[in-house]
$ cat target29.tsv   # TSV, C-alpha atoms and all ligand atoms
chain	number	residue	atom	x	y	z
A	1	MET	CA	110.56	50.55	-5.61
A	2	ALA	CA	107.55	52.23	-4.02
A	3	ALA	CA	104.46	51.96	-6.22
A	4	GLU	CA	102.93	55.15	-4.74
A	5	GLY	CA	104.28	58.54	-3.81
A	6	PHE	CA	107.69	59.94	-4.61
A	7	GLY	CA	110.84	57.86	-4.72
A	8	GLY	CA	114.39	59.04	-5.21
A	9	LEU	CA	117.05	57.36	-7.32
A	10	ALA	CA	118.74	55.68	-4.35
A	11	GLY	CA	118.63	51.91	-4.68
A	12	LYS	CA	117.10	51.90	-8.17
A	13	ARG	CA	118.52	49.27	-10.50
A	14	ILE	CA	118.88	50.71	-13.98
A	15	VAL	CA	120.04	49.37	-17.34
A	16	LEU	CA	121.18	52.17	-19.66
A	17	THR	CA	122.31	51.59	-23.25
A	18	GLY	CA	124.76	53.88	-25.02
A	19	ALA	CA	126.44	54.73	-21.71
A	20	THR	CA	129.93	55.56	-23.01
A	21	ARG	CA	129.39	58.96	-24.60
A	22	GLY	CA	127.18	62.01	-24.84
A	23	ILE	CA	123.70	61.78	-23.35
A	24	GLY	CA	124.19	58.23	-22.04
A	25	ARG	CA	127.40	59.02	-20.19
A	26	ALA	CA	125.87	62.10	-18.56
A	27	CYS	CA	122.83	60.03	-17.56
A	28	ALA	CA	124.91	57.16	-16.15
A	29	LEU	CA	126.90	59.54	-13.95
A	30	ARG	CA	123.85	61.45	-12.77
A	31	LEU	CA	121.95	58.26	-11.89
A	32	ALA	CA	124.97	56.84	-10.05
A	33	ARG	CA	125.47	60.13	-8.16
A	34	GLY	CA	121.85	59.82	-7.04
A	35	GLY	CA	122.53	56.37	-5.59
A	36	ALA	CA	121.22	54.13	-8.38
A	37	ALA	CA	123.09	51.01	-9.48
A	38	VAL	CA	123.59	51.27	-13.23
A	39	LEU	CA	124.43	48.60	-15.78
A	40	GLY	CA	125.95	50.70	-18.57
A	41	VAL	CA	125.86	49.04	-21.99
A	42	ALA	CA	127.87	49.94	-25.11
A	43	ARG	CA	130.41	48.32	-27.44
A	44	ASP	CA	133.56	50.11	-26.23
A	45	ALA	CA	134.73	48.04	-23.24
A	46	LYS	CA	137.56	50.46	-22.42
A	47	ALA	CA	135.22	53.44	-22.25
A	48	LEU	CA	132.87	51.43	-20.03
A	49	ALA	CA	135.74	50.59	-17.68
A	50	SER	CA	136.72	54.26	-17.42
A	51	LEU	CA	133.10	55.21	-16.74
A	52	ALA	CA	132.92	52.65	-13.93
A	53	MET	CA	136.18	54.05	-12.51
A	54	GLU	CA	134.83	57.58	-12.59
A	55	ALA	CA	131.76	56.43	-10.65
A	56	LYS	CA	133.98	54.74	-8.07
A	57	SER	CA	135.62	58.10	-7.36
A	58	PHE	CA	132.34	59.26	-5.78
A	59	ALA	CA	131.35	55.78	-4.48
A	60	GLY	CA	128.84	55.40	-7.31
A	61	ARG	CA	127.95	52.04	-8.81
A	62	ILE	CA	128.25	51.68	-12.57
A	63	PHE	CA	128.89	48.23	-14.02
A	64	GLY	CA	129.89	47.94	-17.65
A	65	HIS	CA	128.55	45.37	-20.09
A	66	SER	CA	130.05	45.45	-23.54
A	67	CYS	CA	127.78	44.36	-26.37
A	68	ASP	CA	126.30	45.39	-29.69
A	69	VAL	CA	122.64	46.06	-28.92
A	70	THR	CA	121.60	45.54	-32.55
A	71	ARG	CA	122.39	41.82	-32.39
A	72	PRO	CA	119.76	39.37	-31.16
A	73	GLU	CA	122.52	36.96	-30.12
A	74	SER	CA	123.84	39.58	-27.63
A	75	MET	CA	120.59	39.54	-25.67
A	76	PRO	CA	120.91	36.42	-23.47
A	77	ALA	CA	124.27	37.61	-22.09
A	78	LEU	CA	122.85	41.11	-21.52
A	79	ALA	CA	119.90	39.75	-19.53
A	80	GLU	CA	122.29	37.52	-17.58
A	81	ALA	CA	124.55	40.47	-16.76
A	82	ALA	CA	121.54	42.52	-15.62
A	83	GLU	CA	120.39	39.72	-13.35
A	84	LYS	CA	123.88	39.07	-11.99
A	85	ARG	CA	124.79	42.73	-11.37
A	86	LEU	CA	121.41	44.16	-10.41
A	87	GLY	CA	119.08	41.27	-9.52
A	88	ALA	CA	115.92	42.85	-10.88
A	89	VAL	CA	115.56	45.91	-13.11
A	90	ASP	CA	113.61	48.99	-12.00
A	91	ALA	CA	114.30	50.96	-15.16
A	92	LEU	CA	115.55	50.44	-18.68
A	93	VAL	CA	116.78	53.43	-20.66
A	94	ASN	CA	117.04	52.71	-24.38
A	95	ASN	CA	119.49	55.45	-25.32
A	96	ALA	CA	122.07	53.90	-27.68
A	97	GLY	CA	121.85	55.64	-31.03
A	98	ALA	CA	123.77	56.20	-34.23
A	99	ALA	CA	122.72	57.29	-37.68
A	100	VAL	CA	123.95	57.65	-41.20
A	101	PHE	CA	122.90	60.92	-42.78
A	102	GLY	CA	122.70	61.65	-46.50
A	103	GLU	CA	120.23	62.50	-49.24
A	104	ILE	CA	117.99	59.66	-50.35
A	105	GLY	CA	119.97	58.86	-53.51
A	106	VAL	CA	123.20	58.66	-51.55
A	107	LEU	CA	121.92	56.85	-48.46
A	108	SER	CA	122.60	53.19	-49.22
A	109	PRO	CA	120.26	50.35	-48.22
A	110	GLU	CA	122.97	49.23	-45.76
A	111	ASP	CA	123.11	52.72	-44.17
A	112	PHE	CA	119.32	52.74	-43.89
A	113	ASP	CA	119.29	49.30	-42.23
A	114	ALA	CA	122.16	50.22	-39.89
A	115	THR	CA	120.32	53.32	-38.66
A	116	LEU	CA	117.09	51.43	-38.06
A	117	ALA	CA	119.02	48.64	-36.35
A	118	VAL	CA	120.44	50.80	-33.59
A	119	CYS	CA	117.64	53.35	-33.19
A	120	LEU	CA	114.61	51.06	-33.57
A	121	LYS	CA	115.42	47.36	-33.55
A	122	ALA	CA	117.78	47.58	-30.56
A	123	PRO	CA	115.14	49.08	-28.22
A	124	TYR	CA	112.80	46.25	-29.31
A	125	LEU	CA	115.47	43.61	-28.64
A	126	VAL	CA	116.63	45.01	-25.30
A	127	THR	CA	113.12	45.68	-24.00
A	128	ARG	CA	111.86	42.18	-24.79
A	129	SER	CA	114.95	40.71	-23.10
A	130	LEU	CA	114.65	42.73	-19.91
A	131	VAL	CA	110.89	42.95	-19.31
A	132	PRO	CA	110.96	39.59	-17.48
A	133	LEU	CA	113.38	41.17	-14.97
A	134	MET	CA	111.10	44.19	-14.55
A	135	GLU	CA	107.85	42.44	-13.75
A	136	GLY	CA	106.68	43.29	-10.25
A	137	THR	CA	109.14	46.19	-9.84
A	138	GLY	CA	106.72	48.95	-10.87
A	139	GLY	CA	109.40	49.83	-13.37
A	140	ASP	CA	110.03	52.30	-16.17
A	141	VAL	CA	111.12	51.94	-19.78
A	142	ILE	CA	112.43	55.25	-21.11
A	143	ASN	CA	113.00	55.45	-24.84
A	144	ILE	CA	115.30	58.25	-25.96
A	145	SER	CA	113.74	59.56	-29.14
A	146	SER	CA	114.48	62.83	-30.96
A	147	ILE	CA	112.56	65.74	-32.41
A	148	ALA	CA	113.42	63.97	-35.69
A	149	ALA	CA	110.51	61.65	-34.82
A	150	VAL	CA	108.09	64.47	-35.63
A	151	ASP	CA	110.08	67.13	-37.55
A	152	GLY	CA	111.59	66.50	-40.97
A	153	PHE	CA	115.27	67.26	-41.66
A	154	PRO	CA	116.87	66.94	-45.11
A	155	GLY	CA	119.38	64.11	-45.25
A	156	ALA	CA	117.82	62.41	-42.24
A	157	ALA	CA	115.30	60.04	-43.85
A	158	ALA	CA	116.60	56.95	-42.06
A	159	TYR	CA	116.99	58.71	-38.69
A	160	CYS	CA	113.55	60.37	-38.86
A	161	ALA	CA	111.98	57.02	-39.84
A	162	ALA	CA	113.76	55.19	-37.03
A	163	LYS	CA	112.78	57.68	-34.33
A	164	ALA	CA	109.15	57.89	-35.59
A	165	GLY	CA	109.13	54.08	-35.46
A	166	LEU	CA	110.51	54.13	-31.93
A	167	GLU	CA	107.70	56.43	-30.81
A	168	GLY	CA	105.11	54.20	-32.52
A	169	MET	CA	106.51	51.14	-30.78
A	170	SER	CA	106.51	53.06	-27.49
A	171	ARG	CA	102.79	53.86	-27.85
A	172	ALA	CA	102.03	50.15	-28.31
A	173	LEU	CA	104.20	49.21	-25.33
A	174	VAL	CA	102.53	51.85	-23.13
A	175	GLU	CA	99.32	49.82	-23.41
A	176	GLU	CA	100.95	46.40	-23.47
A	177	LEU	CA	103.10	46.90	-20.38
A	178	ARG	CA	100.60	48.96	-18.36
A	179	PRO	CA	98.96	45.80	-16.90
A	180	LYS	CA	102.41	44.69	-15.70
A	181	GLY	CA	102.83	48.01	-13.84
A	182	ILE	CA	105.60	49.14	-16.20
A	183	ARG	CA	105.47	52.76	-17.42
A	184	VAL	CA	106.79	53.45	-20.91
A	185	THR	CA	107.93	57.01	-21.57
A	186	VAL	CA	109.39	58.80	-24.58
A	187	LEU	CA	112.07	61.39	-23.82
A	188	ARG	CA	112.39	63.46	-27.00
A	189	PRO	CA	115.32	65.91	-26.96
A	190	GLY	CA	116.09	68.53	-29.54
A	191	ALA	CA	119.67	69.21	-30.64
A	192	THR	CA	122.04	68.13	-27.88
A	193	ALA	CA	125.77	68.86	-27.82
A	194	THR	CA	127.32	65.44	-28.38
A	195	ARG	CA	129.65	63.70	-30.81
A	196	MET	CA	126.64	62.48	-32.78
A	197	TRP	CA	126.86	65.79	-34.66
A	198	GLU	CA	130.21	64.73	-36.14
A	199	ALA	CA	128.21	62.47	-38.49
A	200	ILE	CA	125.88	65.28	-39.63
A	201	PRO	CA	127.04	67.38	-42.60
A	202	GLY	CA	127.06	71.16	-42.00
A	203	GLU	CA	128.25	73.58	-39.34
A	204	TYR	CA	126.54	73.86	-35.99
A	205	ASP	CA	126.93	75.98	-32.91
A	206	MET	CA	127.18	73.40	-30.15
A	207	ASP	CA	126.93	76.19	-27.54
A	208	LYS	CA	123.30	76.73	-28.59
A	209	MET	CA	122.41	73.07	-28.08
A	210	ILE	CA	121.10	71.34	-24.97
A	211	PRO	CA	123.96	70.11	-22.77
A	212	PRO	CA	123.78	66.31	-22.25
A	213	GLU	CA	123.66	66.97	-18.49
A	214	ALA	CA	120.30	68.72	-18.95
A	215	VAL	CA	118.87	65.64	-20.67
A	216	ALA	CA	120.15	63.61	-17.71
A	217	GLU	CA	118.30	65.97	-15.36
A	218	SER	CA	115.05	65.28	-17.24
A	219	LEU	CA	115.69	61.56	-17.12
A	220	GLU	CA	116.04	61.77	-13.35
A	221	HIS	CA	112.75	63.67	-13.19
A	222	LEU	CA	110.98	60.93	-15.16
A	223	LEU	CA	112.45	58.13	-13.07
A	224	THR	CA	111.52	59.78	-9.79
A	225	GLN	CA	108.10	61.06	-10.77
A	226	SER	CA	105.23	59.97	-8.56
A	227	ARG	CA	103.49	56.89	-9.92
A	228	ARG	CA	100.22	58.77	-9.42
A	229	ALA	CA	101.02	60.53	-12.69
A	230	TRP	CA	102.68	59.55	-15.94
A	231	THR	CA	104.57	61.66	-18.43
A	232	GLU	CA	104.13	59.75	-21.68
A	233	THR	CA	106.31	62.10	-23.74
A	234	LEU	CA	108.73	64.75	-22.55
A	235	VAL	CA	110.00	67.14	-25.24
A	236	LEU	CA	113.16	69.20	-24.64
A	237	TYR	CA	114.38	72.19	-26.66
A	238	PRO	CA	117.42	74.42	-26.26
A	239	PRO	CA	116.46	77.64	-24.44
A	240	ASP	CA	117.10	79.80	-27.55
A	241	GLY	CA	114.83	77.62	-29.72
A	242	LYS	CA	115.45	74.94	-32.31
A	243	VAL	CA	119.02	74.72	-33.68
B	301	LIG	N1	122.79	64.54	-29.97
B	301	LIG	C1	121.58	64.96	-30.29
B	301	LIG	O1	121.37	66.07	-30.82
B	301	LIG	C2	120.39	64.10	-29.99
B	301	LIG	C3	119.11	64.71	-30.00
B	301	LIG	C4	118.01	63.94	-29.75
B	301	LIG	C5	118.14	62.61	-29.47
B	301	LIG	N2	119.38	62.02	-29.47
B	301	LIG	C6	119.45	60.59	-29.18
B	301	LIG	O2	120.14	60.42	-27.95
B	301	LIG	C7	120.76	59.14	-27.92
B	301	LIG	C8	122.23	59.31	-27.55
B	301	LIG	O3	122.86	60.06	-28.56
B	301	LIG	P1	124.19	60.91	-28.33
B	301	LIG	O4	123.97	62.20	-29.03
B	301	LIG	O5	124.58	60.89	-26.92
B	301	LIG	O6	125.20	60.06	-29.24
B	301	LIG	P2	126.73	59.64	-29.06
B	301	LIG	O7	127.46	60.65	-28.26
B	301	LIG	O8	127.20	59.31	-30.42
B	301	LIG	O9	126.62	58.30	-28.18
B	301	LIG	C9	126.01	57.16	-28.70
B	301	LIG	C10	126.12	56.02	-27.70
B	301	LIG	O10	125.47	54.86	-28.26
B	301	LIG	C11	126.36	53.75	-28.18
B	301	LIG	N3	126.09	52.83	-29.30
B	301	LIG	C12	126.02	53.15	-30.62
B	301	LIG	N4	125.80	52.05	-31.35
B	301	LIG	C13	125.73	51.02	-30.47
B	301	LIG	C14	125.54	49.62	-30.62
B	301	LIG	N5	125.35	49.06	-31.82
B	301	LIG	N6	125.53	48.84	-29.51
B	301	LIG	C15	125.72	49.39	-28.29
B	301	LIG	N7	125.89	50.72	-28.09
B	301	LIG	C16	125.90	51.51	-29.17
B	301	LIG	C17	127.75	54.37	-28.24
B	301	LIG	O11	128.71	53.54	-27.61
B	301	LIG	P3	129.78	52.58	-28.35
B	301	LIG	O12	130.26	53.31	-29.57
B	301	LIG	O13	130.81	52.34	-27.30
B	301	LIG	O14	129.01	51.34	-28.69
B	301	LIG	C18	127.55	55.63	-27.41
B	301	LIG	O15	127.68	55.33	-26.03
B	301	LIG	C19	120.54	58.54	-29.31
B	301	LIG	O16	119.44	57.66	-29.28
B	301	LIG	C20	120.23	59.75	-30.16
B	301	LIG	O17	119.46	59.41	-31.29
B	301	LIG	C21	120.52	62.74	-29.71
$ encode --input "target29.tsv" --output "structure tokens" --more "lines below"
Ligand SMILES: NC(=O)c1ccc[n+]([C@@H]2O[C@H](COP(=O)([O-])OP(=O)(O)OC[C@H]3O[C@@H](n4cnc5c(N)ncnc54)[C@H](OP(=O)(O)O)[C@@H]3O)[C@@H](O)[C@H]2O)c1
Amino acid sequence: MAAEGFGGLAGKRIVLTGATRGIGRACALRLARGGAAVLGVARDAKALASLAMEAKSFAGRIFGHSCDVTRPESMPALAEAAEKRLGAVDALVNNAGAAVFGEIGVLSPEDFDATLAVCLKAPYLVTRSLVPLMEGTGGDVINISSIAAVDGFPGAAAYCAAKAGLEGMSRALVEELRPKGIRVTVLRPGATATRMWEAIPGEYDMDKMIPPEAVAESLEHLLTQSRRAWTETLVLYPPDGKV
């Protein structure tokens, strides 16, 4: 992709984790509508196939790769799929996320580990596997964080820790990958209307949350921003304020 000036999405080769639902699905469809080729990654192979079919209906290109991004042994096949389907990688979007919520005495060590595995360890694993395919592309790594990285929520100790960790890792990678011409950006949404809320105790008004399509719009902005500037962190809130 062009190292200077403005570039659109057309022709960009993008790996996006967590593509089957919520924010990831909206992003995959928006990127494909803009002409990008997307390798969508998630565990649910059927949902990936239906996503790819939906893209075909508007001549978009979404390829599915089913894997568990928390597992180091999944990484060689993921890198192979990226190389086979896309050649090189212009952008990696670390979006896959899941969390177990509960007060500290209830949250088990296994729940804590599982939350950190998908929200923090997976972006580490996927990024280290794909950076070799990004060198020389002037590429982007976008890490989908959450306002939980900076705001505390009761019952969300593991999730807040994982997202704060993700932002810390992102700051290190900003400096580490800068010499390779790779921009690292944190996209930090507030409450977004997705199925993730099914795991969160309480009642919520989904209508007051950010629609996943609006997060996708911001992702497109980041991926098409002139390389003469760099948004390190983009924070999104619902228009009526925090939910
Ligand atoms: N919803 C919100 O309010 C909100 C706000 C701020 C940030 N976020 C962040 O946005 C991201 C997307 O969340 P969402 O709300 O769209 O959640 P979601 O609707 O529950 O979707 C989560 C996605 O992650 C995938 N995934 C989960 N575990 C995985 C694993 N081990 N390996 C591969 N894929 C996995 C799921 O696919 P499979 O089940 O098919 O694997 C699914 O596609 C997350 O990082 C989340 O923390 C969400």
$ atom_distance --input "target29.tsv" --atom1 "atom N3 of ligand LIG 301 (chain B)" --atom2 "atom CA of A:Gly105"
25.7 Å
$ closest_atom_pairs --input "target29.tsv" --of "chain A" --to "ligand LIG 301 (chain B)" --cutoff "8 Å" --atoms "only C-alpha atoms and all ligand atoms" --output "JSON lines"
{"residue": "A:Thr17", "atom": "CA", "partner": "B:LIG301", "partner_atom": "N7", "distance": 6.1}
{"residue": "A:Gly18", "atom": "CA", "partner": "B:LIG301", "partner_atom": "O15", "distance": 3.4}
{"residue": "A:Ala19", "atom": "CA", "partner": "B:LIG301", "partner_atom": "O15", "distance": 4.5}
{"residue": "A:Thr20", "atom": "CA", "partner": "B:LIG301", "partner_atom": "O15", "distance": 3.8}
{"residue": "A:Arg21", "atom": "CA", "partner": "B:LIG301", "partner_atom": "O15", "distance": 4.3}
{"residue": "A:Gly22", "atom": "CA", "partner": "B:LIG301", "partner_atom": "O5", "distance": 3.5}
{"residue": "A:Ile23", "atom": "CA", "partner": "B:LIG301", "partner_atom": "O5", "distance": 3.8}
{"residue": "A:Gly24", "atom": "CA", "partner": "B:LIG301", "partner_atom": "O5", "distance": 5.6}
{"residue": "A:Arg25", "atom": "CA", "partner": "B:LIG301", "partner_atom": "O15", "distance": 6.9}
{"residue": "A:Val41", "atom": "CA", "partner": "B:LIG301", "partner_atom": "C15", "distance": 6.3}
{"residue": "A:Ala42", "atom": "CA", "partner": "B:LIG301", "partner_atom": "N7", "distance": 3.7}
{"residue": "A:Arg43", "atom": "CA", "partner": "B:LIG301", "partner_atom": "O14", "distance": 3.6}
{"residue": "A:Asp44", "atom": "CA", "partner": "B:LIG301", "partner_atom": "O13", "distance": 3.7}
{"residue": "A:Ala45", "atom": "CA", "partner": "B:LIG301", "partner_atom": "O13", "distance": 7.1}
{"residue": "A:Ala47", "atom": "CA", "partner": "B:LIG301", "partner_atom": "O13", "distance": 6.8}
{"residue": "A:Leu48", "atom": "CA", "partner": "B:LIG301", "partner_atom": "O13", "distance": 7.6}
{"residue": "A:Ser66", "atom": "CA", "partner": "B:LIG301", "partner_atom": "C15", "distance": 7.5}
{"residue": "A:Cys67", "atom": "CA", "partner": "B:LIG301", "partner_atom": "C15", "distance": 5.8}
{"residue": "A:Asp68", "atom": "CA", "partner": "B:LIG301", "partner_atom": "N6", "distance": 3.5}
{"residue": "A:Val69", "atom": "CA", "partner": "B:LIG301", "partner_atom": "N6", "distance": 4.1}
{"residue": "A:Thr70", "atom": "CA", "partner": "B:LIG301", "partner_atom": "N5", "distance": 5.2}
{"residue": "A:Arg71", "atom": "CA", "partner": "B:LIG301", "partner_atom": "N5", "distance": 7.8}
{"residue": "A:Asn94", "atom": "CA", "partner": "B:LIG301", "partner_atom": "O16", "distance": 7.4}
{"residue": "A:Asn95", "atom": "CA", "partner": "B:LIG301", "partner_atom": "O16", "distance": 4.5}
{"residue": "A:Ala96", "atom": "CA", "partner": "B:LIG301", "partner_atom": "O10", "distance": 3.6}
{"residue": "A:Gly97", "atom": "CA", "partner": "B:LIG301", "partner_atom": "O16", "distance": 3.6}
{"residue": "A:Ala98", "atom": "CA", "partner": "B:LIG301", "partner_atom": "C12", "distance": 5.2}
{"residue": "A:Ala99", "atom": "CA", "partner": "B:LIG301", "partner_atom": "O17", "distance": 7.5}
{"residue": "A:Ala117", "atom": "CA", "partner": "B:LIG301", "partner_atom": "N5", "distance": 7.8}
{"residue": "A:Val118", "atom": "CA", "partner": "B:LIG301", "partner_atom": "N5", "distance": 5.5}
{"residue": "A:Cys119", "atom": "CA", "partner": "B:LIG301", "partner_atom": "O16", "distance": 6.1}
{"residue": "A:Ala122", "atom": "CA", "partner": "B:LIG301", "partner_atom": "N5", "distance": 7.8}
{"residue": "A:Ile144", "atom": "CA", "partner": "B:LIG301", "partner_atom": "O16", "distance": 5.3}
{"residue": "A:Ser145", "atom": "CA", "partner": "B:LIG301", "partner_atom": "C5", "distance": 5.4}
{"residue": "A:Ser146", "atom": "CA", "partner": "B:LIG301", "partner_atom": "C4", "distance": 3.9}
{"residue": "A:Ile147", "atom": "CA", "partner": "B:LIG301", "partner_atom": "C4", "distance": 6.3}
{"residue": "A:Ala148", "atom": "CA", "partner": "B:LIG301", "partner_atom": "C4", "distance": 7.5}
{"residue": "A:Tyr159", "atom": "CA", "partner": "B:LIG301", "partner_atom": "O17", "distance": 7.8}
{"residue": "A:Lys163", "atom": "CA", "partner": "B:LIG301", "partner_atom": "O17", "distance": 7.5}
{"residue": "A:Arg188", "atom": "CA", "partner": "B:LIG301", "partner_atom": "C4", "distance": 6.3}
{"residue": "A:Pro189", "atom": "CA", "partner": "B:LIG301", "partner_atom": "C4", "distance": 4.3}
{"residue": "A:Gly190", "atom": "CA", "partner": "B:LIG301", "partner_atom": "C3", "distance": 4.9}
{"residue": "A:Ala191", "atom": "CA", "partner": "B:LIG301", "partner_atom": "O1", "distance": 3.6}
{"residue": "A:Thr192", "atom": "CA", "partner": "B:LIG301", "partner_atom": "O1", "distance": 3.7}
{"residue": "A:Ala193", "atom": "CA", "partner": "B:LIG301", "partner_atom": "N1", "distance": 5.7}
{"residue": "A:Thr194", "atom": "CA", "partner": "B:LIG301", "partner_atom": "O4", "distance": 4.7}
{"residue": "A:Arg195", "atom": "CA", "partner": "B:LIG301", "partner_atom": "O7", "distance": 4.5}
{"residue": "A:Met196", "atom": "CA", "partner": "B:LIG301", "partner_atom": "O8", "distance": 4.0}
{"residue": "A:Trp197", "atom": "CA", "partner": "B:LIG301", "partner_atom": "N1", "distance": 6.3}
{"residue": "A:Met209", "atom": "CA", "partner": "B:LIG301", "partner_atom": "O1", "distance": 7.6}
{"residue": "A:Ile210", "atom": "CA", "partner": "B:LIG301", "partner_atom": "O1", "distance": 7.9}
{"residue": "A:Pro212", "atom": "CA", "partner": "B:LIG301", "partner_atom": "O5", "distance": 7.2}
$ atom_distance --input "target29.tsv" --atom1 "atom CA of A:Arg33" --atom2 "atom CA of A:Val93"
16.6 Å
$ residues_around --input "target29.tsv" --residues "A:Arg13" --least-positions-apart "2" --cutoff "10 Å" --atoms "all atoms listed in the file" --output "ChimeraX atom specification"
/A:1,9-11,15-16,31-32,35-39,61,82,85-92,134,137,139
$ atom_distance --input "target29.tsv" --atom1 "atom CA of A:Phe153" --atom2 "atom CA of A:Asp240"
19.0 Å
$ closest_residue --input "target29.tsv" --among "A:Glu213, A:Val243, A:Leu222, A:Thr127" --to "A:Cys27" --atoms "all atoms listed in the file"
A:Glu213
$ decode --input "target29.tsv" --residues "stretch 54-72 of chain A" --atoms "N, CA and C atoms" --output "CSV table (one decimal), in the first residue's frame"
chain,number,residue,atom,x,y,z
A,54,GLU,N,-22.0,-14.3,2.6
A,54,GLU,CA,-22.6,-13.0,2.6
A,54,GLU,C,-21.8,-12.0,1.8
A,55,ALA,N,-20.5,-12.1,2.0
A,55,ALA,CA,-19.6,-11.2,1.2
A,55,ALA,C,-19.7,-11.5,-0.3
A,56,LYS,N,-19.8,-12.7,-0.6
A,56,LYS,CA,-19.9,-13.1,-2.1
A,56,LYS,C,-21.1,-12.4,-2.7
A,57,SER,N,-22.2,-12.2,-1.9
A,57,SER,CA,-23.4,-11.6,-2.5
A,57,SER,C,-23.1,-10.2,-3.0
A,58,PHE,N,-22.1,-9.5,-2.5
A,58,PHE,CA,-21.8,-8.2,-3.0
A,58,PHE,C,-20.4,-8.2,-3.7
A,59,ALA,N,-19.9,-9.4,-4.1
A,59,ALA,CA,-18.6,-9.6,-4.7
A,59,ALA,C,-17.5,-9.2,-3.8
A,60,GLY,N,-17.7,-9.3,-2.5
A,60,GLY,CA,-16.6,-9.0,-1.5
A,60,GLY,C,-15.8,-10.3,-1.3
A,61,ARG,N,-14.6,-10.1,-0.8
A,61,ARG,CA,-13.7,-11.2,-0.5
A,61,ARG,C,-13.4,-11.4,1.0
A,62,ILE,N,-14.1,-12.4,1.6
A,62,ILE,CA,-13.8,-12.8,2.9
A,62,ILE,C,-13.5,-14.3,2.9
A,63,PHE,N,-12.3,-14.6,3.4
A,63,PHE,CA,-11.9,-16.0,3.5
A,63,PHE,C,-12.0,-16.4,5.0
A,64,GLY,N,-12.5,-17.6,5.3
A,64,GLY,CA,-12.6,-18.0,6.7
A,64,GLY,C,-11.4,-18.8,7.1
A,65,HIS,N,-10.9,-18.6,8.3
A,65,HIS,CA,-9.9,-19.6,8.9
A,65,HIS,C,-10.3,-19.9,10.3
A,66,SER,N,-10.7,-21.1,10.5
A,66,SER,CA,-11.2,-21.5,11.8
A,66,SER,C,-10.0,-21.9,12.7
A,67,CYS,N,-9.8,-21.2,13.8
A,67,CYS,CA,-8.9,-21.6,14.8
A,67,CYS,C,-9.1,-20.9,16.2
A,68,ASP,N,-8.5,-21.5,17.2
A,68,ASP,CA,-8.6,-20.9,18.5
A,68,ASP,C,-7.4,-20.0,18.7
A,69,VAL,N,-7.5,-18.7,18.8
A,69,VAL,CA,-6.4,-17.8,18.8
A,69,VAL,C,-5.6,-17.8,20.1
A,70,THR,N,-6.1,-18.5,21.1
A,70,THR,CA,-5.4,-18.5,22.4
A,70,THR,C,-4.3,-19.6,22.3
A,71,ARG,N,-4.3,-20.4,21.3
A,71,ARG,CA,-3.4,-21.6,21.3
A,71,ARG,C,-2.2,-21.4,20.4
A,72,PRO,N,-1.0,-21.4,21.0
A,72,PRO,CA,0.2,-21.2,20.3
A,72,PRO,C,0.3,-22.2,19.1
